[in-house]
$ cat protein.txt   # compact mmCIF, C-alpha atoms
# COMPACT_ATOMS: atom_id res chain seq x y z
CA LEU Q 1 -3.60 -3.23 12.14
CA PHE Q 2 -4.82 -2.20 8.68
CA THR Q 3 -2.25 -2.16 5.89
CA SER Q 4 -2.07 -1.83 2.12
CA LEU Q 5 0.59 -2.28 -0.57
CA ARG Q 6 2.63 0.34 -2.40
CA ALA Q 7 5.36 -0.31 -4.97
CA HIS Q 8 8.11 1.90 -6.35
CA GLY Q 9 10.59 1.59 -9.17
CA GLU Q 10 12.32 3.36 -12.05
CA LEU Q 11 11.02 4.43 -15.46
CA THR Q 12 12.90 6.39 -18.11
CA SER Q 13 11.52 9.57 -16.54
CA GLY Q 14 12.90 8.67 -13.11
CA PRO Q 15 11.59 7.16 -9.85
CA VAL Q 16 7.86 6.42 -9.73
CA SER Q 17 5.43 4.93 -7.24
CA GLU Q 18 2.05 3.20 -7.44
CA GLN Q 19 -0.47 1.73 -5.05
CA VAL Q 20 -1.00 -2.03 -5.48
CA TYR Q 21 -4.66 -3.03 -5.81
CA VAL Q 22 -5.32 -6.72 -5.09
CA HIS Q 23 -8.73 -7.65 -6.48
CA SER Q 24 -8.80 -11.27 -5.29
CA LYS Q 25 -9.84 -11.96 -1.71
CA CYS Q 26 -7.96 -14.18 0.72
CA LEU Q 27 -8.92 -15.07 4.29
CA ILE Q 28 -6.60 -17.22 6.45
CA VAL Q 29 -7.88 -18.20 9.90
CA ASP Q 30 -5.51 -19.53 12.59
CA ASP Q 31 -3.29 -21.12 9.91
CA ARG Q 32 -5.93 -23.85 9.55
CA VAL Q 33 -8.51 -22.54 7.09
CA ALA Q 34 -7.88 -20.63 3.87
CA ILE Q 35 -10.61 -19.10 1.68
CA VAL Q 36 -9.55 -17.62 -1.65
CA GLY Q 37 -11.94 -16.23 -4.25
CA SER Q 38 -13.65 -13.23 -5.81
CA SER Q 39 -16.55 -12.52 -3.44
CA ASN Q 40 -16.79 -9.43 -1.26
CA LEU Q 41 -18.38 -9.17 2.18
CA ASN Q 42 -21.33 -7.10 0.96
CA ASP Q 43 -24.82 -7.51 -0.48
CA ARG Q 44 -23.63 -7.63 -4.08
CA SER Q 45 -21.64 -10.82 -3.43
CA MET Q 46 -23.55 -12.46 -0.58
CA CYS Q 47 -27.24 -12.13 -1.51
CA GLY Q 48 -26.87 -14.64 -4.32
CA ASP Q 49 -28.98 -12.79 -6.90
CA ARG Q 50 -26.53 -10.14 -8.11
CA ASP Q 51 -22.83 -10.59 -8.97
CA SER Q 52 -21.50 -14.03 -9.91
CA GLU Q 53 -18.71 -15.15 -7.57
CA ILE Q 54 -16.43 -18.12 -7.00
CA ALA Q 55 -14.28 -19.15 -4.02
CA VAL Q 56 -12.50 -22.17 -2.62
CA LYS Q 57 -12.15 -23.22 1.03
CA VAL Q 58 -9.14 -25.34 2.01
CA THR Q 59 -9.00 -27.00 5.46
CA GLU Q 60 -6.68 -30.06 5.15
CA PRO Q 61 -7.49 -31.74 8.51
CA LEU Q 62 -5.16 -34.66 7.67
CA HIS Q 63 -2.12 -32.61 6.58
CA CYS Q 64 -0.76 -30.78 9.62
CA THR Q 65 2.41 -28.79 10.19
CA PRO Q 66 3.83 -28.47 13.71
CA THR Q 67 4.36 -24.82 14.58
CA GLN Q 68 3.59 -22.29 17.34
CA MET Q 69 0.66 -20.02 18.11
CA ASP Q 70 1.33 -17.27 20.66
CA GLY Q 71 4.30 -19.27 21.95
CA ASP Q 72 2.44 -22.55 22.43
CA HIS Q 73 2.73 -25.72 20.33
CA PHE Q 74 0.17 -25.71 17.56
CA ALA Q 75 -0.83 -27.99 14.65
CA ALA Q 76 -1.44 -25.83 11.58
CA ALA Q 77 -2.89 -26.90 8.24
CA GLU Q 78 -0.06 -27.25 5.73
CA PHE Q 79 -1.63 -25.19 2.91
CA ALA Q 80 -3.01 -22.33 5.04
CA HIS Q 81 0.25 -22.03 7.01
CA SER Q 82 2.52 -22.07 3.94
CA LEU Q 83 0.26 -19.63 2.04
CA ARG Q 84 0.37 -17.10 4.89
CA LEU Q 85 4.15 -17.36 5.15
CA LYS Q 86 4.60 -16.85 1.39
CA LEU Q 87 2.33 -13.80 1.36
CA TRP Q 88 3.86 -12.22 4.47
CA ARG Q 89 7.41 -12.77 3.23
CA ASP Q 90 6.59 -11.23 -0.13
CA HIS Q 91 4.86 -8.19 1.40
CA LEU Q 92 7.78 -7.69 3.83
CA GLY Q 93 10.43 -8.13 1.13
CA MET Q 94 12.01 -11.27 2.60
CA VAL Q 95 14.10 -13.87 0.81
CA PRO Q 96 15.45 -16.85 2.81
CA LEU Q 97 19.17 -16.29 3.30
CA GLY Q 98 19.98 -19.97 2.87
CA ASP Q 99 18.26 -20.38 -0.51
CA GLN Q 100 20.97 -19.72 -3.10
CA ARG Q 101 18.60 -19.96 -6.07
CA GLN Q 102 16.34 -17.26 -4.69
CA LEU Q 103 19.36 -15.17 -3.71
CA ASP Q 104 20.71 -15.35 -7.26
CA TYR Q 105 17.31 -14.29 -8.64
CA ALA Q 106 16.97 -11.47 -6.10
CA GLU Q 107 20.46 -10.16 -6.88
CA LEU Q 108 19.68 -10.14 -10.61
CA TYR Q 109 16.45 -8.18 -10.12
CA ALA Q 110 17.37 -6.23 -7.01
CA ASP Q 111 16.00 -2.86 -8.14
CA THR Q 112 12.63 -4.12 -9.35
CA LEU Q 113 12.07 -6.41 -6.35
CA GLN Q 114 12.60 -3.48 -3.97
CA ARG Q 115 14.29 -5.67 -1.39
CA SER Q 116 16.39 -4.32 1.45
CA GLU Q 117 19.98 -4.98 0.46
CA PHE Q 118 23.19 -5.12 2.45
CA LYS Q 119 26.56 -5.10 0.72
CA ASP Q 120 28.99 -7.67 2.10
CA GLY Q 121 32.16 -8.29 0.16
CA GLY Q 122 30.50 -7.13 -3.04
CA GLY Q 123 27.55 -9.52 -2.77
CA VAL Q 124 23.92 -8.89 -1.96
CA GLN Q 125 22.36 -10.38 1.17
CA TRP Q 126 18.66 -10.29 1.95
CA TRP Q 127 16.91 -10.23 5.26
CA ASP Q 128 14.80 -13.03 6.67
CA ASP Q 129 12.96 -13.60 9.93
CA ASP Q 130 10.81 -16.21 11.62
CA LEU Q 131 7.15 -15.52 10.83
CA SER Q 132 5.83 -18.95 11.78
CA ASP Q 133 3.99 -17.67 14.88
CA PRO Q 134 1.42 -15.18 13.52
CA VAL Q 135 0.37 -13.66 16.86
CA CYS Q 136 3.57 -13.34 18.91
CA ASN Q 137 4.74 -9.83 19.84
CA ASP Q 138 8.03 -10.04 17.93
CA VAL Q 139 6.30 -10.77 14.63
CA TRP Q 140 3.75 -7.97 15.03
CA GLN Q 141 6.42 -5.48 16.04
CA LEU Q 142 8.32 -6.47 12.89
CA ILE Q 143 5.23 -6.05 10.70
CA ARG Q 144 4.17 -2.75 12.25
CA GLY Q 145 7.72 -1.38 12.19
CA THR Q 146 8.26 -2.32 8.54
CA ALA Q 147 4.90 -0.88 7.42
CA THR Q 148 5.46 2.32 9.40
CA ASN Q 149 8.94 2.89 7.99
CA ASN Q 150 7.86 2.11 4.41
CA THR Q 151 4.95 4.53 4.74
CA HIS Q 152 7.06 7.42 6.03
CA VAL Q 153 9.83 6.90 3.47
CA LEU Q 154 7.58 6.53 0.42
CA GLU Q 155 5.39 9.47 1.40
CA GLY Q 156 8.49 11.58 1.98
CA ALA Q 157 9.95 10.57 -1.38
CA PHE Q 158 6.88 10.86 -3.61
CA ASP Q 159 4.01 12.77 -1.97
CA GLU Q 160 3.53 16.41 -1.12
CA ARG Q 161 2.22 15.51 2.34
CA PRO Q 162 1.25 12.38 4.33
CA TRP Q 163 -1.91 10.69 3.04
CA ASN Q 164 -3.66 11.06 6.40
CA GLU Q 165 -3.34 14.85 6.03
CA MET Q 166 -5.10 14.81 2.65
CA SER Q 167 -8.58 15.49 3.99
CA HIS Q 168 -10.12 16.64 0.68
CA LEU Q 169 -9.95 15.58 -2.96
CA VAL Q 170 -8.27 18.84 -3.96
CA LEU Q 171 -5.37 17.95 -1.66
CA ALA Q 172 -5.15 14.39 -2.98
CA ARG Q 173 -5.24 15.42 -6.64
CA LYS Q 174 -2.42 17.84 -6.07
CA GLY Q 175 -0.35 15.91 -3.58
CA LEU Q 176 -0.41 12.19 -4.44
CA GLY Q 177 2.74 10.93 -6.13
CA LEU Q 178 1.10 7.97 -7.86
CA SER Q 179 1.30 7.00 -11.55
CA LYS Q 180 3.70 9.90 -12.17
CA GLY Q 181 6.95 11.34 -10.91
CA SER Q 182 7.44 12.59 -7.38
CA VAL Q 183 5.43 15.62 -6.27
CA ALA Q 184 7.25 15.86 -2.94
CA ARG Q 185 8.44 19.37 -2.14
CA GLN Q 186 10.62 21.22 0.26
CA GLU Q 187 8.67 21.83 3.47
CA SER Q 188 8.52 25.59 2.90
CA ASP Q 189 6.83 25.07 -0.48
CA VAL Q 190 3.89 22.98 0.76
CA MET Q 191 0.67 24.99 0.62
CA SER Q 192 -1.35 24.77 3.83
CA THR Q 193 -4.62 22.88 3.86
CA ASP Q 194 -6.63 26.02 4.67
CA ALA Q 195 -4.98 28.00 1.87
CA LEU Q 196 -5.58 25.26 -0.70
CA LEU Q 197 -9.21 24.85 0.31
CA ARG Q 198 -9.75 28.60 0.07
CA GLU Q 199 -8.30 28.50 -3.41
CA ARG Q 200 -10.68 25.70 -4.34
CA ASP Q 201 -13.68 27.59 -3.01
CA ASN Q 202 -12.78 30.87 -4.71
CA VAL Q 203 -11.94 29.58 -8.18
CA GLU Q 204 -13.60 26.94 -10.32
CA ARG Q 205 -11.42 23.82 -10.43
CA ALA Q 206 -11.14 23.88 -14.20
CA LYS Q 207 -9.89 27.50 -14.16
CA VAL Q 208 -7.36 27.45 -11.34
CA ALA Q 209 -4.63 30.02 -11.95
CA GLN Q 210 -1.79 28.67 -14.08
CA SER Q 211 0.66 30.49 -11.85
CA GLU Q 212 -0.11 27.94 -9.14
CA GLY Q 213 0.54 25.09 -11.57
CA LEU Q 214 -2.58 23.12 -10.60
CA VAL Q 215 -4.46 23.17 -13.92
CA GLU Q 216 -3.58 24.06 -17.49
CA GLY Q 217 -5.99 23.81 -20.37
CA GLY Q 218 -8.60 21.98 -18.28
CA SER Q 219 -6.25 19.19 -17.10
CA GLU Q 220 -4.25 18.92 -13.92
CA LYS Q 221 -0.59 19.82 -14.03
CA GLN Q 222 1.82 19.75 -11.12
CA SER Q 223 3.72 22.91 -10.25
CA LYS Q 224 7.47 22.60 -10.73
CA ARG Q 225 8.30 24.99 -7.90
CA GLY Q 226 10.27 23.27 -5.16
CA LEU Q 227 9.83 19.69 -6.44
CA ARG Q 228 12.36 17.09 -5.38
CA SER Q 229 14.85 16.14 -8.06
CA ASN Q 230 15.07 12.52 -9.22
CA GLU Q 231 18.38 12.13 -7.42
CA SER Q 232 16.88 13.55 -4.23
CA VAL Q 233 14.08 10.95 -4.42
CA ARG Q 234 16.61 8.18 -4.96
CA GLN Q 235 18.60 9.35 -1.95
CA VAL Q 236 15.50 9.29 0.27
CA LEU Q 237 14.74 5.74 -0.87
CA ARG Q 238 18.32 4.54 -0.36
CA GLU Q 239 18.63 6.00 3.11
CA GLY Q 240 15.11 5.01 4.13
CA ASN Q 241 15.68 1.26 3.69
CA VAL Q 242 12.27 0.38 2.21
CA ARG Q 243 11.51 -3.33 2.61
CA GLY Q 244 8.87 -4.97 0.46
CA ARG Q 245 5.61 -3.18 -0.35
CA LEU Q 246 3.73 -3.14 2.97
CA VAL Q 247 2.49 0.30 4.13
CA LEU Q 248 0.00 1.53 6.72
CA PHE Q 249 -3.56 2.01 5.51
CA PRO Q 250 -4.33 5.78 5.48
CA HIS Q 251 -7.46 5.68 7.64
CA GLN Q 252 -7.81 9.50 7.66
CA PHE Q 253 -7.51 9.88 3.89
CA LEU Q 254 -10.33 12.15 2.53
CA HIS Q 255 -11.99 12.10 5.96
CA LYS Q 256 -13.55 15.55 5.44
CA GLU Q 257 -14.66 15.02 1.84
CA GLU Q 258 -18.34 14.47 1.03
CA LEU Q 259 -18.23 11.31 -1.10
CA ASN Q 260 -21.93 10.44 -1.24
CA PRO Q 261 -23.54 10.87 -4.69
CA ASP Q 262 -25.88 13.80 -5.08
CA ILE Q 263 -29.63 13.33 -4.71
CA ALA Q 264 -30.28 13.44 -8.47
CA THR Q 265 -27.78 10.64 -9.10
CA ARG Q 266 -29.25 8.44 -6.38
CA LEU Q 267 -32.80 8.98 -7.68
CA LEU Q 268 -31.73 8.22 -11.26
CA ILE Q 269 -29.66 5.10 -10.58
CA GLY Q 270 -31.25 3.78 -7.39
CA LYS Q 271 -29.88 3.38 -3.92
CA ASN Q 272 -29.07 -0.35 -4.26
CA LEU Q 273 -26.02 0.44 -6.39
CA PHE Q 274 -24.39 2.16 -3.42
CA LEU Q 275 -24.96 -0.60 -0.84

$ encode --input "protein.txt" --output "structure tokens"
Amino acid sequence: LFTSLRAHGELTSGPVSEQVYVHSKCLIVDDRVAIVGSSNLNDRSMCGDRDSEIAVKVTEPLHCTPTQMDGDHFAAAEFAHSLRLKLWRDHLGMVPLGDQRQLDYAELYADTLQRSEFKDGGGVQWWDDDLSDPVCNDVWQLIRGTATNNTHVLEGAFDERPWNEMSHLVLARKGLGLSKGSVARQESDVMSTDALLRERDNVERAKVAQSEGLVEGGSEKQSKRGLRSNESVRQVLREGNVRGRLVLFPHQFLHKEELNPDIATRLLIGKNLFL
């Protein structure tokens, strides 16, 4: 299961959304080993003669926490186990229901924390679940279900079409609702992939007809025809019950776009830069 993170909130202009880029690297193995640092799994980080990197490995063989692994008793390392739980709870939007201090904080910052809220007698209650066993079916169904729902709701609220249907850059530039207001439209107003690609091929990108609202004065500008209103976006978010920031990784995003640099660029810069 490949996932990523996407946040949403409110600015003075209305609801907005942004993808969360985590630059640091974290690897947790069997709740016993944790590696946290800056290095990537590629030549630039691993060869030792290019980028400078730093990382720490924590094992803690003498500090164990009794837990479960796939339903069986298991002795986990205290740091690795607690780090995984903290990260998973944050990504899934969980706050322990019995922790009054965290509940008070969550209630104060409910909108910005993007937690799933349930009104009960005027108060805010937050969801919690047992994530101690990282490989049991219940936990993975919870993770997959949360990521799937968040993905569908956020794409429906902010994007013109699902990310996996954005096969080319021209579709992504027009249809991604990131770092700006929603570009989601009524279904009848969404231009088909074939039609948009034909438009790209027939007209230079910098001179796309203003009547289509794609470009004005050499810069991209979203068409206002059929866009969701701010209140419509808020309604989608309220009814969709987004929890945390976890979304499915769009593995088909730009799958038909040629992303390799042209021959002249590769000859000028050298192929090692692209490894």

$ closest_residue --input "protein.txt" --among "Q:Leu171, Q:Val153, Q:Leu254, Q:Leu142" --to "Arg234 of chain Q" --atoms "only C-alpha atoms"
Q:Val153

$ residues_around --input "protein.txt" --residues "Thr151 of chain Q" --least-positions-apart "5" --cutoff "9 Å" --atoms "all atoms listed in the file" --output "list of chain:residue names"
Q:Arg6, Q:Thr146, Q:Gly156, Q:Pro162, Q:Val242, Q:Leu246, Q:Val247, Q:Leu248, Q:Phe249

$ axis_aligned_box --input "protein.txt" --around "segment 175-181 of chain Q" --padding-each-side "8 Å" --output "JSON"
{"center_x": 3.3, "center_y": 11.5, "center_z": -7.9, "size_x": 23.4, "size_y": 24.9, "size_z": 24.6}

$ closest_residue --input "protein.txt" --among "Q:Arg84, Q:Val16, Q:Gly145, Q:His63" --to "Val36 of chain Q" --atoms "all atoms listed in the file"
Q:Arg84

$ closest_residue --input "protein.txt" --among "Q:Ser39, Q:Lys180, Q:Trp163, Q:Leu131" --to "Thr12 of chain Q" --atoms "all atoms listed in the file"
Q:Lys180

$ atom_distance --input "protein.txt" --atom1 "atom CA of Phe253 of chain Q" --atom2 "atom CA of Arg144 of chain Q"
19.1 Å

$ atom_distance --input "protein.txt" --atom1 "atom CA of Leu92 of chain Q" --atom2 "atom CA of Arg243 of chain Q"
5.9 Å

$ atom_distance --input "protein.txt" --atom1 "atom CA of Asp133 of chain Q" --atom2 "atom CA of Asp70 of chain Q"
6.4 Å

$ residues_around --input "protein.txt" --residues "segment 71-76 of chain Q" --least-positions-apart "2" --cutoff "8 Å" --atoms "only C-alpha atoms" --output "list in words"
Asp30, Asp31, Arg32, Cys64, Thr65, Pro66, Thr67, Gln68, Met69, Glu78, Ala80, His81, Asp133 and Cys136 of chain Q

$ residues_around --input "protein.txt" --residues "Lys57 of chain Q" --least-positions-apart "5" --cutoff "10 Å" --atoms "all atoms listed in the file" --output "ChimeraX atom specification"
/Q:26-28,33-37

$ residues_around --input "protein.txt" --residues "Asn230 of chain Q" --least-positions-apart "2" --cutoff "12 Å" --atoms "all atoms listed in the file" --output "PyMOL selection string"
chain Q and resi 9-16+157-158+181-185+227-228+232-237

$ write_last_selection --input "protein.txt" --atoms "C-alpha atoms" --output "mmCIF file, in the coordinates of the input"
data_model
loop_
_atom_site.group_PDB
_atom_site.id
_atom_site.type_symbol
_atom_site.label_atom_id
_atom_site.label_comp_id
_atom_site.auth_asym_id
_atom_site.auth_seq_id
_atom_site.Cartn_x
_atom_site.Cartn_y
_atom_site.Cartn_z
ATOM 1 C CA GLY Q 9 10.590 1.590 -9.170
ATOM 2 C CA GLU Q 10 12.320 3.360 -12.050
ATOM 3 C CA LEU Q 11 11.020 4.430 -15.460
ATOM 4 C CA THR Q 12 12.900 6.390 -18.110
ATOM 5 C CA SER Q 13 11.520 9.570 -16.540
ATOM 6 C CA GLY Q 14 12.900 8.670 -13.110
ATOM 7 C CA PRO Q 15 11.590 7.160 -9.850
ATOM 8 C CA VAL Q 16 7.860 6.420 -9.730
ATOM 9 C CA ALA Q 157 9.950 10.570 -1.380
ATOM 10 C CA PHE Q 158 6.880 10.860 -3.610
ATOM 11 C CA GLY Q 181 6.950 11.340 -10.910
ATOM 12 C CA SER Q 182 7.440 12.590 -7.380
ATOM 13 C CA VAL Q 183 5.430 15.620 -6.270
ATOM 14 C CA ALA Q 184 7.250 15.860 -2.940
ATOM 15 C CA ARG Q 185 8.440 19.370 -2.140
ATOM 16 C CA LEU Q 227 9.830 19.690 -6.440
ATOM 17 C CA ARG Q 228 12.360 17.090 -5.380
ATOM 18 C CA SER Q 232 16.880 13.550 -4.230
ATOM 19 C CA VAL Q 233 14.080 10.950 -4.420
ATOM 20 C CA ARG Q 234 16.610 8.180 -4.960
ATOM 21 C CA GLN Q 235 18.600 9.350 -1.950
ATOM 22 C CA VAL Q 236 15.500 9.290 0.270
ATOM 23 C CA LEU Q 237 14.740 5.740 -0.870
#

$ closest_residue --input "protein.txt" --among "Q:Leu83, Q:Ala172, Q:Ile263, Q:Ala55" --to "Lys25 of chain Q" --atoms "all atoms listed in the file"
Q:Ala55

$ residues_near_point --input "protein.txt" --point "(1.0, -1.2, -10.1)" --cutoff "10 Å" --atoms "all atoms listed in the file" --output "list in words"
Leu5, Arg6, Ala7, His8, Ser17, Glu18, Gln19, Val20, Tyr21, Val22, Leu178 and Ser179 of chain Q

$ closest_residue --input "protein.txt" --among "Q:Gln141, Q:Asp129, Q:Arg238, Q:His255" --to "Met166 of chain Q" --atoms "only C-alpha atoms"
Q:His255
